[in-house]
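J.: Below is the file query05.cif, with mmCIF, C-alpha atoms and all ligand atoms; chains and numbers go by the auth columns.
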```cif
data_start
#
loop_
_atom_site.group_PDB
_atom_site.id
_atom_site.type_symbol
_atom_site.label_atom_id
_atom_site.label_comp_id
_atom_site.label_asym_id
_atom_site.label_seq_id
_atom_site.Cartn_x
_atom_site.Cartn_y
_atom_site.Cartn_z
_atom_site.B_iso_or_equiv
_atom_site.auth_seq_id
_atom_site.auth_asym_id
ATOM 1 C CA MET A 1 120.159 135.581 76.652 0.00 3 A
ATOM 2 C CA ARG A 2 119.905 136.016 80.389 0.00 4 A
ATOM 3 C CA ARG A 3 120.746 132.839 82.296 0.00 5 A
ATOM 4 C CA LYS A 4 117.919 132.003 84.693 0.00 6 A
ATOM 5 C CA LEU A 5 118.469 132.044 88.454 0.00 7 A
ATOM 6 C CA ALA A 6 116.719 130.074 91.190 0.00 8 A
ATOM 7 C CA ALA A 7 117.503 131.863 94.449 0.00 9 A
ATOM 8 C CA GLY A 8 116.474 130.606 97.873 0.00 10 A
ATOM 9 C CA ASN A 9 116.078 132.965 100.822 0.00 11 A
ATOM 10 C CA TRP A 10 115.967 130.925 104.009 0.00 12 A
ATOM 11 C CA LYS A 11 115.205 134.071 106.048 0.00 13 A
ATOM 12 C CA MET A 12 115.534 133.419 109.830 0.00 14 A
ATOM 13 C CA ASN A 13 115.154 129.670 109.391 0.00 15 A
ATOM 14 C CA GLY A 14 117.665 126.895 109.729 0.00 16 A
ATOM 15 C CA THR A 15 120.276 125.473 112.068 0.00 17 A
ATOM 16 C CA GLY A 16 122.926 122.850 111.450 0.00 18 A
ATOM 17 C CA GLY A 17 120.373 120.189 110.624 0.00 19 A
ATOM 18 C CA SER A 18 119.203 122.198 107.633 0.00 20 A
ATOM 19 C CA LEU A 19 122.512 121.640 105.860 0.00 21 A
ATOM 20 C CA ALA A 20 121.201 118.209 104.880 0.00 22 A
ATOM 21 C CA GLU A 21 118.605 119.890 102.653 0.00 23 A
ATOM 22 C CA ALA A 22 121.358 121.693 100.800 0.00 24 A
ATOM 23 C CA ASP A 23 123.281 118.417 100.464 0.00 25 A
ATOM 24 C CA ALA A 24 120.182 116.785 98.982 0.00 26 A
ATOM 25 C CA LEU A 25 119.712 119.661 96.550 0.00 27 A
ATOM 26 C CA ALA A 26 123.343 119.510 95.437 0.00 28 A
ATOM 27 C CA ALA A 27 123.033 115.749 94.919 0.00 29 A
ATOM 28 C CA ALA A 28 119.832 116.178 92.898 0.00 30 A
ATOM 29 C CA TRP A 29 121.337 118.909 90.676 0.00 31 A
ATOM 30 C CA PRO A 30 124.921 117.992 89.753 0.00 32 A
ATOM 31 C CA GLN A 31 124.306 120.104 86.672 0.00 33 A
ATOM 32 C CA ALA A 32 121.582 122.517 85.652 0.00 34 A
ATOM 33 C CA ALA A 33 120.620 124.906 82.884 0.00 35 A
ATOM 34 C CA CYS A 34 120.126 127.685 85.447 0.00 36 A
ATOM 35 C CA ASP A 35 122.113 129.222 88.279 0.00 37 A
ATOM 36 C CA ILE A 36 121.164 128.130 91.804 0.00 38 A
ATOM 37 C CA LEU A 37 121.704 130.205 94.944 0.00 39 A
ATOM 38 C CA ILE A 38 120.926 129.643 98.618 0.00 40 A
ATOM 39 C CA CYS A 39 121.031 132.513 101.112 0.00 41 A
ATOM 40 C CA PRO A 40 120.929 130.974 104.602 0.00 42 A
ATOM 41 C CA PRO A 41 120.967 132.905 107.879 0.00 43 A
ATOM 42 C CA ALA A 42 124.374 134.462 108.599 0.00 44 A
ATOM 43 C CA THR A 43 125.162 131.789 111.186 0.00 45 A
ATOM 44 C CA LEU A 44 125.082 129.086 108.501 0.00 46 A
ATOM 45 C CA LEU A 45 126.781 130.894 105.628 0.00 47 A
ATOM 46 C CA SER A 46 130.304 129.676 106.257 0.00 48 A
ATOM 47 C CA ARG A 47 129.256 126.077 106.916 0.00 49 A
ATOM 48 C CA LEU A 48 126.912 126.017 103.926 0.00 50 A
ATOM 49 C CA SER A 49 129.550 127.503 101.636 0.00 51 A
ATOM 50 C CA ASP A 50 132.043 124.842 102.728 0.00 52 A
ATOM 51 C CA ARG A 51 129.495 122.071 102.242 0.00 53 A
ATOM 52 C CA LEU A 52 128.534 123.273 98.777 0.00 54 A
ATOM 53 C CA SER A 53 132.011 124.041 97.489 0.00 55 A
ATOM 54 C CA GLY A 54 132.506 121.934 94.392 0.00 56 A
ATOM 55 C CA SER A 55 128.766 121.925 93.710 0.00 57 A
ATOM 56 C CA LEU A 56 127.125 124.350 91.328 0.00 58 A
ATOM 57 C CA ILE A 57 125.062 125.914 94.121 0.00 59 A
ATOM 58 C CA ALA A 58 126.225 129.394 95.098 0.00 60 A
ATOM 59 C CA THR A 59 125.668 130.885 98.541 0.00 61 A
ATOM 60 C CA GLY A 60 124.943 134.343 99.819 0.00 62 A
ATOM 61 C CA ALA A 61 123.820 136.492 102.720 0.00 63 A
ATOM 62 C CA GLN A 62 120.500 138.195 103.371 0.00 64 A
ATOM 63 C CA ASP A 63 121.921 141.610 104.245 0.00 65 A
ATOM 64 C CA CYS A 64 125.189 143.457 104.741 0.00 66 A
ATOM 65 C CA HIS A 65 126.344 146.715 106.301 0.00 67 A
ATOM 66 C CA THR A 66 127.538 149.725 104.311 0.00 68 A
ATOM 67 C CA ALA A 67 130.920 149.707 106.075 0.00 69 A
ATOM 68 C CA SER A 68 133.573 147.039 105.660 0.00 70 A
ATOM 69 C CA SER A 69 134.298 146.829 109.401 0.00 71 A
ATOM 70 C CA GLY A 70 133.892 148.803 112.591 0.00 72 A
ATOM 71 C CA ALA A 71 131.743 149.453 115.639 0.00 73 A
ATOM 72 C CA HIS A 72 128.410 148.133 114.371 0.00 74 A
ATOM 73 C CA THR A 73 127.286 145.513 116.868 0.00 75 A
ATOM 74 C CA GLY A 74 125.357 142.667 115.323 0.00 76 A
ATOM 75 C CA ASP A 75 126.013 143.632 111.725 0.00 77 A
ATOM 76 C CA VAL A 76 127.885 141.751 109.025 0.00 78 A
ATOM 77 C CA SER A 77 129.918 143.463 106.303 0.00 79 A
ATOM 78 C CA ALA A 78 130.105 142.593 102.628 0.00 80 A
ATOM 79 C CA ASP A 79 133.758 141.653 103.067 0.00 81 A
ATOM 80 C CA MET A 80 132.714 139.199 105.792 0.00 82 A
ATOM 81 C CA VAL A 81 130.097 137.674 103.503 0.00 83 A
ATOM 82 C CA ALA A 82 132.756 137.149 100.856 0.00 84 A
ATOM 83 C CA ASP A 83 135.160 135.759 103.458 0.00 85 A
ATOM 84 C CA ALA A 84 132.484 133.274 104.562 0.00 86 A
ATOM 85 C CA GLY A 85 132.272 131.974 100.996 0.00 87 A
ATOM 86 C CA GLY A 86 129.239 133.929 99.861 0.00 88 A
ATOM 87 C CA SER A 87 129.080 135.318 96.336 0.00 89 A
ATOM 88 C CA HIS A 88 125.736 137.113 96.610 0.00 90 A
ATOM 89 C CA VAL A 89 123.853 139.273 99.096 0.00 91 A
ATOM 90 C CA ILE A 90 120.131 140.001 99.189 0.00 92 A
ATOM 91 C CA LEU A 91 119.534 143.698 99.898 0.00 93 A
ATOM 92 C CA GLY A 92 116.445 145.756 100.591 0.00 94 A
ATOM 93 C CA HIS A 93 114.143 142.807 101.162 0.00 95 A
ATOM 94 C CA SER A 94 110.719 144.111 102.185 0.00 96 A
ATOM 95 C CA GLU A 95 111.095 142.436 105.579 0.00 97 A
ATOM 96 C CA ARG A 96 114.219 144.481 106.230 0.00 98 A
ATOM 97 C CA ARG A 97 112.586 147.612 104.861 0.00 99 A
ATOM 98 C CA ALA A 98 109.674 146.997 107.280 0.00 100 A
ATOM 99 C CA ASP A 99 111.490 145.536 110.320 0.00 101 A
ATOM 100 C CA HIS A 100 114.543 147.785 110.196 0.00 102 A
ATOM 101 C CA GLY A 101 113.284 150.888 108.430 0.00 103 A
ATOM 102 C CA GLU A 102 115.656 150.445 105.493 0.00 104 A
ATOM 103 C CA THR A 103 115.302 153.214 102.926 0.00 105 A
ATOM 104 C CA ASP A 104 116.174 153.197 99.232 0.00 106 A
ATOM 105 C CA ALA A 105 119.236 155.332 100.001 0.00 107 A
ATOM 106 C CA LEU A 106 120.469 152.843 102.595 0.00 108 A
ATOM 107 C CA VAL A 107 119.861 149.904 100.269 0.00 109 A
ATOM 108 C CA ARG A 108 121.821 151.682 97.564 0.00 110 A
ATOM 109 C CA ALA A 109 124.723 152.328 99.950 0.00 111 A
ATOM 110 C CA LYS A 110 124.691 148.659 100.944 0.00 112 A
ATOM 111 C CA ALA A 111 124.647 147.649 97.295 0.00 113 A
ATOM 112 C CA GLU A 112 127.675 149.861 96.663 0.00 114 A
ATOM 113 C CA ALA A 113 129.464 148.151 99.539 0.00 115 A
ATOM 114 C CA ALA A 114 128.486 144.748 98.155 0.00 116 A
ATOM 115 C CA LEU A 115 129.791 145.536 94.675 0.00 117 A
ATOM 116 C CA GLY A 116 132.965 146.933 96.223 0.00 118 A
ATOM 117 C CA ALA A 117 133.522 143.593 97.954 0.00 119 A
ATOM 118 C CA GLY A 118 133.013 141.714 94.697 0.00 120 A
ATOM 119 C CA LEU A 119 129.591 140.379 95.643 0.00 121 A
ATOM 120 C CA ILE A 120 126.528 140.173 93.423 0.00 122 A
ATOM 121 C CA ALA A 121 123.737 142.321 94.895 0.00 123 A
ATOM 122 C CA VAL A 122 120.200 140.926 94.740 0.00 124 A
ATOM 123 C CA VAL A 123 118.201 144.120 95.187 0.00 125 A
ATOM 124 C CA CYS A 124 114.543 143.695 96.180 0.00 126 A
ATOM 125 C CA VAL A 125 111.629 145.959 95.308 0.00 127 A
ATOM 126 C CA GLY A 126 107.880 145.561 95.648 0.00 128 A
ATOM 127 C CA GLU A 127 104.632 147.264 96.559 0.00 129 A
ATOM 128 C CA THR A 128 102.315 146.719 99.524 0.00 130 A
ATOM 129 C CA LEU A 129 98.707 145.666 99.050 0.00 131 A
ATOM 130 C CA GLU A 130 97.579 149.188 99.908 0.00 132 A
ATOM 131 C CA GLU A 131 99.830 150.633 97.231 0.00 133 A
ATOM 132 C CA ARG A 132 98.633 148.112 94.650 0.00 134 A
ATOM 133 C CA GLU A 133 95.001 148.813 95.428 0.00 135 A
ATOM 134 C CA ALA A 134 95.689 152.540 95.066 0.00 136 A
ATOM 135 C CA GLY A 135 97.065 151.904 91.562 0.00 137 A
ATOM 136 C CA GLN A 136 100.590 152.934 92.595 0.00 138 A
ATOM 137 C CA THR A 137 102.477 149.719 91.862 0.00 139 A
ATOM 138 C CA ILE A 138 104.484 150.927 88.874 0.00 140 A
ATOM 139 C CA ASP A 139 105.378 154.239 90.516 0.00 141 A
ATOM 140 C CA ILE A 140 106.391 152.620 93.819 0.00 142 A
ATOM 141 C CA VAL A 141 108.486 149.896 92.210 0.00 143 A
ATOM 142 C CA GLY A 142 110.032 152.357 89.762 0.00 144 A
ATOM 143 C CA GLY A 143 110.938 154.704 92.588 0.00 145 A
ATOM 144 C CA GLN A 144 112.488 151.910 94.658 0.00 146 A
ATOM 145 C CA LEU A 145 114.474 150.750 91.657 0.00 147 A
ATOM 146 C CA ALA A 146 115.801 154.236 90.904 0.00 148 A
ATOM 147 C CA GLY A 147 116.712 154.856 94.537 0.00 149 A
ATOM 148 C CA SER A 148 118.128 151.455 95.449 0.00 150 A
ATOM 149 C CA LEU A 149 120.356 150.565 92.500 0.00 151 A
ATOM 150 C CA PRO A 150 123.856 152.031 92.420 0.00 152 A
ATOM 151 C CA ASP A 151 125.206 153.645 89.244 0.00 153 A
ATOM 152 C CA GLY A 152 127.746 150.832 88.985 0.00 154 A
ATOM 153 C CA ALA A 153 125.100 148.134 88.501 0.00 155 A
ATOM 154 C CA THR A 154 125.883 145.745 85.645 0.00 156 A
ATOM 155 C CA ALA A 155 124.476 142.486 84.338 0.00 157 A
ATOM 156 C CA ALA A 156 127.291 140.663 86.123 0.00 158 A
ATOM 157 C CA ASN A 157 127.074 142.286 89.547 0.00 159 A
ATOM 158 C CA THR A 158 123.376 142.987 90.071 0.00 160 A
ATOM 159 C CA VAL A 159 120.110 141.060 90.132 0.00 161 A
ATOM 160 C CA VAL A 160 116.715 142.677 90.761 0.00 162 A
ATOM 161 C CA ALA A 161 113.967 140.809 92.601 0.00 163 A
ATOM 162 C CA TYR A 162 110.384 141.996 92.267 0.00 164 A
ATOM 163 C CA GLU A 163 108.501 140.807 95.336 0.00 165 A
ATOM 164 C CA PRO A 164 105.004 142.176 95.942 0.00 166 A
ATOM 165 C CA VAL A 165 104.856 142.450 99.738 0.00 167 A
ATOM 166 C CA TRP A 166 101.328 141.044 99.829 0.00 168 A
ATOM 167 C CA ALA A 167 102.410 137.907 97.950 0.00 169 A
ATOM 168 C CA ILE A 168 105.200 136.979 100.359 0.00 170 A
ATOM 169 C CA GLY A 169 104.344 133.963 102.473 0.00 171 A
ATOM 170 C CA THR A 170 100.631 134.369 101.813 0.00 172 A
ATOM 171 C CA GLY A 171 99.981 131.905 98.997 0.00 173 A
ATOM 172 C CA LYS A 172 98.622 134.851 96.980 0.00 174 A
ATOM 173 C CA VAL A 173 100.271 135.511 93.641 0.00 175 A
ATOM 174 C CA PRO A 174 99.587 138.328 91.155 0.00 176 A
ATOM 175 C CA THR A 175 98.079 137.274 87.841 0.00 177 A
ATOM 176 C CA LEU A 176 100.561 136.485 85.103 0.00 178 A
ATOM 177 C CA GLU A 177 99.498 139.724 83.384 0.00 179 A
ATOM 178 C CA GLU A 178 100.221 141.696 86.548 0.00 180 A
ATOM 179 C CA ILE A 179 103.639 140.080 86.930 0.00 181 A
ATOM 180 C CA GLY A 180 104.424 140.724 83.273 0.00 182 A
ATOM 181 C CA ALA A 181 103.417 144.383 83.475 0.00 183 A
ATOM 182 C CA VAL A 182 105.782 145.047 86.378 0.00 184 A
ATOM 183 C CA HIS A 183 108.672 143.031 84.930 0.00 185 A
ATOM 184 C CA ASP A 184 108.336 144.738 81.546 0.00 186 A
ATOM 185 C CA ASP A 185 108.379 148.129 83.258 0.00 187 A
ATOM 186 C CA ILE A 186 111.431 147.186 85.339 0.00 188 A
ATOM 187 C CA ARG A 187 113.211 146.037 82.170 0.00 189 A
ATOM 188 C CA ALA A 188 112.414 149.312 80.401 0.00 190 A
ATOM 189 C CA ARG A 189 113.742 151.311 83.343 0.00 191 A
ATOM 190 C CA LEU A 190 116.913 149.213 83.548 0.00 192 A
ATOM 191 C CA VAL A 191 117.590 149.691 79.838 0.00 193 A
ATOM 192 C CA ALA A 192 116.847 153.426 80.057 0.00 194 A
ATOM 193 C CA ARG A 193 119.371 153.834 82.870 0.00 195 A
ATOM 194 C CA PHE A 194 122.025 151.225 82.126 0.00 196 A
ATOM 195 C CA GLY A 195 121.726 150.636 78.381 0.00 197 A
ATOM 196 C CA ALA A 196 122.868 147.203 77.200 0.00 198 A
ATOM 197 C CA GLU A 197 123.889 146.271 80.738 0.00 199 A
ATOM 198 C CA GLY A 198 120.328 146.939 81.838 0.00 200 A
ATOM 199 C CA ASP A 199 119.124 144.458 79.294 0.00 201 A
ATOM 200 C CA GLY A 200 121.344 141.831 80.890 0.00 202 A
ATOM 201 C CA ILE A 201 120.392 142.421 84.529 0.00 203 A
ATOM 202 C CA ARG A 202 118.226 139.523 85.662 0.00 204 A
ATOM 203 C CA VAL A 203 114.827 140.317 87.158 0.00 205 A
ATOM 204 C CA LEU A 204 113.488 137.619 89.500 0.00 206 A
ATOM 205 C CA TYR A 205 109.914 137.261 90.674 0.00 207 A
ATOM 206 C CA GLY A 206 109.353 136.451 94.357 0.00 208 A
ATOM 207 C CA GLY A 207 106.258 135.813 96.465 0.00 209 A
ATOM 208 C CA SER A 208 104.654 132.409 97.057 0.00 210 A
ATOM 209 C CA VAL A 209 106.530 130.663 94.245 0.00 211 A
ATOM 210 C CA LYS A 210 105.953 126.901 94.511 0.00 212 A
ATOM 211 C CA PRO A 211 106.660 123.900 92.287 0.00 213 A
ATOM 212 C CA SER A 212 102.991 124.042 91.242 0.00 214 A
ATOM 213 C CA ASN A 213 103.042 127.623 89.921 0.00 215 A
ATOM 214 C CA ALA A 214 106.697 128.035 88.932 0.00 216 A
ATOM 215 C CA ALA A 215 106.414 126.977 85.289 0.00 217 A
ATOM 216 C CA GLU A 216 103.666 129.442 84.426 0.00 218 A
ATOM 217 C CA ILE A 217 105.457 132.287 86.221 0.00 219 A
ATOM 218 C CA PHE A 218 108.700 131.483 84.393 0.00 220 A
ATOM 219 C CA GLY A 219 106.798 131.719 81.129 0.00 221 A
ATOM 220 C CA VAL A 220 106.107 135.421 81.704 0.00 222 A
ATOM 221 C CA SER A 221 108.227 137.868 79.708 0.00 223 A
ATOM 222 C CA ASN A 222 111.199 139.360 81.540 0.00 224 A
ATOM 223 C CA VAL A 223 110.930 136.867 84.411 0.00 225 A
ATOM 224 C CA ASP A 224 114.471 135.528 84.723 0.00 226 A
ATOM 225 C CA GLY A 225 113.929 133.222 87.678 0.00 227 A
ATOM 226 C CA ALA A 226 112.636 133.375 91.226 0.00 228 A
ATOM 227 C CA LEU A 227 113.541 134.485 94.719 0.00 229 A
ATOM 228 C CA VAL A 228 111.954 131.794 96.858 0.00 230 A
ATOM 229 C CA GLY A 229 111.259 131.874 100.596 0.00 231 A
ATOM 230 C CA GLY A 230 109.307 129.041 102.196 0.00 232 A
ATOM 231 C CA ALA A 231 109.626 126.625 99.296 0.00 233 A
ATOM 232 C CA SER A 232 113.436 126.944 99.312 0.00 234 A
ATOM 233 C CA LEU A 233 113.717 125.302 102.722 0.00 235 A
ATOM 234 C CA LYS A 234 113.050 121.782 101.462 0.00 236 A
ATOM 235 C CA ALA A 235 115.209 120.263 98.740 0.00 237 A
ATOM 236 C CA ASP A 236 112.206 118.587 97.110 0.00 238 A
ATOM 237 C CA ASP A 237 110.221 121.823 96.837 0.00 239 A
ATOM 238 C CA PHE A 238 113.132 123.965 95.711 0.00 240 A
ATOM 239 C CA GLY A 239 114.121 121.185 93.326 0.00 241 A
ATOM 240 C CA GLY A 240 110.649 121.317 91.809 0.00 242 A
ATOM 241 C CA ILE A 241 111.091 125.024 91.119 0.00 243 A
ATOM 242 C CA ILE A 242 114.564 124.454 89.664 0.00 244 A
ATOM 243 C CA ALA A 243 113.071 121.741 87.469 0.00 245 A
ATOM 244 C CA ALA A 244 110.625 124.285 86.045 0.00 246 A
ATOM 245 C CA LEU A 245 113.610 126.418 85.006 0.00 247 A
ATOM 246 C CA ASN A 246 115.267 123.421 83.387 0.00 248 A
ATOM 247 C CA ALA A 247 112.250 122.183 81.437 0.00 249 A
HETATM 248 P P1 LIG B . 107.795 133.128 100.037 0.00 301 A
HETATM 249 O O1 LIG B . 108.338 132.335 98.868 0.00 301 A
HETATM 250 O O2 LIG B . 107.797 132.350 101.317 0.00 301 A
HETATM 251 O O3 LIG B . 106.502 133.783 99.715 0.00 301 A
HETATM 252 O O4 LIG B . 108.856 134.318 100.299 0.00 301 A
HETATM 253 C C1 LIG B . 109.262 135.096 99.234 0.00 301 A
HETATM 254 C C2 LIG B . 110.387 135.930 99.683 0.00 301 A
HETATM 255 O O5 LIG B . 110.218 136.860 100.443 0.00 301 A
HETATM 256 C C3 LIG B . 111.734 135.586 99.204 0.00 301 A
HETATM 257 O O6 LIG B . 112.658 136.587 99.500 0.00 301 A
#
```
Show this structure as structure tokens.
T.:
Amino acid sequence: MRRKLAAGNWKMNGTGGSLAEADALAAAWPQAACDILICPPATLLSRLSDRLSGSLIATGAQDCHTASSGAHTGDVSADMVADAGGSHVILGHSERRADHGETDALVRAKAEAALGAGLIAVVCVGETLEEREAGQTIDIVGGQLAGSLPDGATAANTVVAYEPVWAIGTGKVPTLEEIGAVHDDIRARLVARFGAEGDGIRVLYGGSVKPSNAAEIFGVSNVDGALVGGASLKADDFGGIIAALNA
């Protein structure tokens, strides 16, 4: 059985005042039947990790560099994420692939660095609307998966997040059949490459997940939780999604 995961990606949102939302979430969920993760902006990671220590909410970063230290102005290494109290790092999010030209090979190198630092890598894949309309979804996602996951991926150190680019922040969500088709294909590819470990790697869905649609999405086969953007910023909304995983 794969334990479900509710992961929040705050993206470039949040300053000190946002820590109160995390406090409220921790107070609302002293225990849960799923794992809970918040990935705040890098500036908040240390503070959030301190605030949430002793709670069951884990913290993580939204990116890391391939190197552990050095002359890379503005970047943060996996070792630094771990030092700041983070246990996870989101890698290859479509916004980084688009904004920073991140390739599968770079994402894979970052994932290797993350695993080397003892972090859990949350590796993101997903097609654009153009690719979906051209019938390329399975090929695109399969290619990203093959290129972005390191050979050392295991159920314990890696999570995959399927996020259709056109569903992110748009309020548009694929049909449950469409989600299921991609998640089933991802599962088959993980098992083909990693064997039993591949069967244990969690595959999250992301893209306009809300309290109102979470339960039906979590009912889809091979959906092991969600990577949530906008709705993770408010404790009530994220709590509603966590509740759907605890029903
Ligand atoms: P939204 O939940 O805001 O659509 O964002 C999804 C996402 O990109 C999470 O990484």
J.: Enumerate, as a count of residues only, the residues matched when the PyMOL selection byres (((not hetatm)) within 9 of (chain A and resi 301)) is run on the file above.
T.: 36
J.: Select all residues near (126.1, 143.9, 84.5) (cut-off 10 Å, inclusive, file coordinates), counting only C-alpha atoms, and output them as a PyMOL selection string.
T.: chain A and resi 122+154-161+196+198-204
J.: Can you work out which one of A:Met14, A:Gly120, A:Ala28, A:Ala44 has the shortest atom-to-atom distance to A:Phe240, counting all atoms listed in the file?
T.: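 Closest residue, counting all atoms listed in the file: A:Ala28.
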J.: Compile a residue-level contact table for stretch 90-204 of chain A against stretch 71-86 of chain A at a cut-off of 8 Å, reporting for every qualifying residue the shortest atom pair and its distance in Å to one decimal, with all atoms listed in the file counted, rows ordered by chain and ascending number, as a Markdown table.
T.:
```
| residue | atom | partner | partner_atom | distance |
| --- | --- | --- | --- | --- |
| A:Val91 | CA | A:Val83 | CA | 7.8 |
| A:Ala115 | CA | A:Ala80 | CA | 6.4 |
| A:Ala116 | CA | A:Ala80 | CA | 5.2 |
| A:Ala119 | CA | A:Asp81 | CA | 5.5 |
| A:Gly120 | CA | A:Ala84 | CA | 7.7 |
| A:Leu121 | CA | A:Ala84 | CA | 6.9 |
```
J.: Spell out the residues picked by the PyMOL selection byres (((chain A and resi 23) around 12) and not hetatm) here, as JSON, numbers by chain.
T.: {"A": [10, 12, 16, 17, 18, 19, 20, 21, 22, 24, 25, 26, 27, 28, 29, 30, 40, 42, 50, 53, 54, 233, 234, 235, 236, 237, 238, 239, 240, 241]}
J.: Which residues are close to A:Leu58, i.e. within 9 Å by only C-alpha atoms, leaving aside same-chain residues fewer than 6 positions away? Reply as a VMD selection string.
T.: chain A and resid 28 31 to 34 37 to 39
J.: One decimal, Å: what's the distance from atom CA of A:Asp186 over to atom CA of A:Leu93, could you say?
T.: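 Atom CA of A:Asp186 sits 21.5 Å away from atom CA of A:Leu93.
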J.: Take atom CA of A:Arg49 and atom CA of A:Cys66 and report the distance between them in Å, one decimal.
T.: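 Distance reported for this atom pair: 18.0 Å.
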J.: Given the file shown, determine the residues that the PyMOL selection byres (((chain A and resi 108) around 10) and not hetatm) selects; report them as a compact mmCIF listing (two decimals) with C-alpha atoms, keeping the file's coordinate frame.
T.:
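The result, stored in part-v2.txt:
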```
# COMPACT_ATOMS: atom_id res chain seq x y z
CA HIS A 67 126.34 146.72 106.30
CA THR A 68 127.54 149.72 104.31
CA LEU A 93 119.53 143.70 99.90
CA GLY A 94 116.44 145.76 100.59
CA ARG A 99 112.59 147.61 104.86
CA GLY A 103 113.28 150.89 108.43
CA GLU A 104 115.66 150.44 105.49
CA THR A 105 115.30 153.21 102.93
CA ASP A 106 116.17 153.20 99.23
CA ALA A 107 119.24 155.33 100.00
CA VAL A 109 119.86 149.90 100.27
CA ARG A 110 121.82 151.68 97.56
CA ALA A 111 124.72 152.33 99.95
CA LYS A 112 124.69 148.66 100.94
CA ALA A 113 124.65 147.65 97.30
CA GLU A 114 127.68 149.86 96.66
CA GLY A 149 116.71 154.86 94.54
CA SER A 150 118.13 151.46 95.45
```
J.: Atom CA of A:Ala100 and atom CA of A:Ala190, how far apart in Å?
T.: 27.1 Å
J.: Using all atoms listed in the file, determine which residues lie at most 8 Å from A:Gly182, disregarding the query and same-chain residues fewer than 3 positions distant; provide the list as a PDB file with C-alpha atoms, in the frame of the given file.
T.:
```pdb
ATOM      1  CA  LEU A 178     100.561 136.485  85.103  1.00  0.00           C
ATOM      2  CA  GLU A 179      99.498 139.724  83.384  1.00  0.00           C
ATOM      3  CA  HIS A 185     108.672 143.031  84.930  1.00  0.00           C
ATOM      4  CA  ASP A 186     108.336 144.738  81.546  1.00  0.00           C
ATOM      5  CA  VAL A 222     106.107 135.421  81.704  1.00  0.00           C
ATOM      6  CA  SER A 223     108.227 137.868  79.708  1.00  0.00           C
ATOM      7  CA  ASN A 224     111.199 139.360  81.540  1.00  0.00           C
ATOM      8  CA  VAL A 225     110.930 136.867  84.411  1.00  0.00           C
TER       9      VAL A 225
END
```
J.: Which is closest to A:Val127 among A:Arg4, A:Ser89, A:Leu206, A:Pro176, if we use all atoms listed in the file?
T.: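 Between A:Arg4, A:Ser89, A:Leu206, A:Pro176, the residue approaching A:Val127 most closely is A:Leu206.
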J.: For A:Val124, which residue out of A:Gly145, A:Gly62, A:Gly137, A:Gly242 is the nearest one, using all atoms listed in the file?
T.: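 Result for the nearest residue to A:Val124: A:Gly62.
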